[in-house]
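Enquirer: Sharing a structure here in structure tokens format.
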Amino acid sequence: MVKRGIPQRYKRYRSEIIYAPKKSLGQNFLFDKNHLHKIVACCPVDDKIIIIEIGSGYGNLTNLLAKTDCQKVIGIEKDSQLFQWLIENNKNEKIIYHHQDALKINWPEFCSQFKNNSLIVVGNLPYYITNSLIINLLLDYQLFKSLIFLVQKEVGQKWVSGSNKYPSEYSALSVFINYLTETKIVAKIPAAVFTPAPSVDGVLVSIEPHQNVNTSKEQLISFLRFLKNCFRFRRKTLLNNLLSWARNYEKEWKKYLQEKGYEEKIRPQNLNPSEYWQLFVFWRGLA
Ligand code: SAM
């Protein structure tokens with residue numbers, strides 16, 4: 001295959017790579033079949049399932065996803081060169097490509113065409129969109145059956161962290177994700193298997209939205225803002241974090257902590273996601 005515009009330093013890359021990889025778009029491609037199959041194996045597919053893939057690249061994962069029993073694969077690719085390449089060279093009647101920025105998608109609108117299907121979102125994600133993308137998707141968590149993402153190890157650890165797993169990574173985002181979903185790391189993917197190889201290893205994360213949470217998007221936006229305030233100063237106590245932006249309620253916060261049996265000196269990392277939700281509900285009642 002002709003390598004158009006590939007600088008000399010990229011010539012060592014595999015023949016599948018046609019264009020110089022764009023660092024700004026997080027282009028660390030995965031051609032290793034063994035690891036690609038691990039991603040596919042995590043997808044609970046049947047003929048009613050539509051798979052939405054974020055960042056199709058050269059279609060290597062897209063093609064394997066299309067070989068499953070799923071009904072369709074929707075490949076979203078931001079890079080116009082790669083999008084053009086995909087529609088010209090990677091045709092498959094089960095695959096539809098969209099030239100779009102995944103961060104700009106209005107998910108309820110995008111998914112309204114698939115009302116009779118279950119949706120799974122999959123991707124070897126470009127590192128720079130990971131946290132914004134997971135937040136956008138989870139604000140509409142009820143649209144999705146499952147999310148399967150390959151991300152940098154540190155990002156995955158933050159997503160699954162709790163009191164028993166990676167406690168130092170526990171953050172507002174971890175609380176938000178684990179309140180809404182069952183999230184686990186299912187495989188480690190070494191940096192060396194990507195082309196070009198990034199500086200850190202990756203992990204494959206499986207995220208299943210809970211079916212029994214009944215929370216509106218507005219509440220979730222407000223919950224996330226609340227959590228960010230609670231974790232703003234990790235080394236301070238939770239009470240001091242609360243007082244730093246809601247000082248007028250000192251008496252109420254102290255009474256709440258006492259009634260719940262929390263020590264006054266507990267830190268933001270000491271509450272689990274459902275305890276945070278209860279604290280948020282209490283705060284909504286106050287404000
Ligand atoms: N799926 C391919 C693979 O596994 O080899 C490519 C993965 S590569 C890590 C990330 C892909 O996402 C690239 O093709 C990149 O152009 C695309 N991408 C980057 N930013 C994007 C965005 N905001 N929306 C959609 N695709 C994006």
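In the structure tokens, chains take the letters A, B, ... in the order shown, each chain's residues start at 1, and ligands count up from 1 in the order shown.
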Could you pull the residues within 7 Å of range 31-35 of chain A, counting only C-alpha atoms, minus those fewer than 4 positions along the same chain, as a list in words?

Expert: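 Close residues of range 31-35 of chain A: Ile39, Asn60 and Val193 of chain A.
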
Enquirer: Please produce a file of the residues just selected, as a PDB file, in the first residue's frame, where the atoms kept are N, CA and C atoms.

Expert:
```
ATOM      1  N   ILE A  39     -11.196  -7.058  23.450  1.00  0.00           N
ATOM      2  CA  ILE A  39     -12.210  -5.988  23.488  1.00  0.00           C
ATOM      3  C   ILE A  39     -13.550  -6.546  22.995  1.00  0.00           C
ATOM      4  N   ASN A  60      -9.690  -1.473  12.141  1.00  0.00           N
ATOM      5  CA  ASN A  60      -9.256  -2.809  12.593  1.00  0.00           C
ATOM      6  C   ASN A  60     -10.206  -3.385  13.649  1.00  0.00           C
ATOM      7  N   VAL A 193       2.104  -2.858  22.448  1.00  0.00           N
ATOM      8  CA  VAL A 193       1.292  -3.440  21.367  1.00  0.00           C
ATOM      9  C   VAL A 193       0.583  -2.382  20.524  1.00  0.00           C
TER      10      VAL A 193
END
```

Enquirer: Where in range 73-229 of chain A does DSSP assign helix (DSSP H, G or I), given as a ChimeraX atom specification?

Expert: /A:80-89,102-104,107-114,127-138,141-143,153-160,167-169,172-180,191-193,217-229

Enquirer: Could you jot down the CA of Gln219 in chain A to CA of Glu182 in chain A separation for me, Å, one decimal place?

Expert: 19.6 Å

Enquirer: Could you list, as an NGL selection string, every residue within 9 Å of Lys67 in chain A, counting only C-alpha atoms and ignoring same-chain residues fewer than 4 positions away?

Expert: :A and (62-63 or 94)

Enquirer: Give the residues close to ligand 1, within 8 Å, counting only C-alpha atoms and all ligand atoms; write them as a VMD selection string.

Expert: chain A and resid 22 24 to 31 36 53 to 62 76 to 79 82 99 to 104 123 to 129 194

Enquirer: Using only C-alpha atoms for the distances, tell me which of A:Leu271, A:Leu220, A:Ile207, A:Leu147 is nearest to Thr237 in chain A.

Expert: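 Using only C-alpha atoms, Thr237 in chain A sits closest to A:Leu271.
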
Enquirer: Counting only C-alpha atoms, which residue out of A:Leu133, A:Leu86, A:Leu204, A:Cys42 sits closest to Ala187 in chain A?

Expert: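 For Ala187 in chain A, the nearest of the candidates is A:Leu204.
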
Enquirer: Any chance you could list, as a VMD selection string, the residues in range 92-268 of chain A that come up strand (DSSP E or B) when DSSP is run on the backbone?

Expert: chain A and resid 95 to 99 118 to 124 146 to 152 181 to 189 194 to 195 202 to 209

Enquirer: From the set A:Thr130, A:Thr183, A:Ser171, A:Asn214, which residue has the shortest atom-to-atom contact distance to Phe231 in chain A, counting only C-alpha atoms?

Expert: A:Ser171

Enquirer: In Å, rounded to a single decimal, give me how far CA of His98 in chain A is from CA of Pro44 in chain A.

Expert: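 Those two atoms sit 23.0 Å apart.
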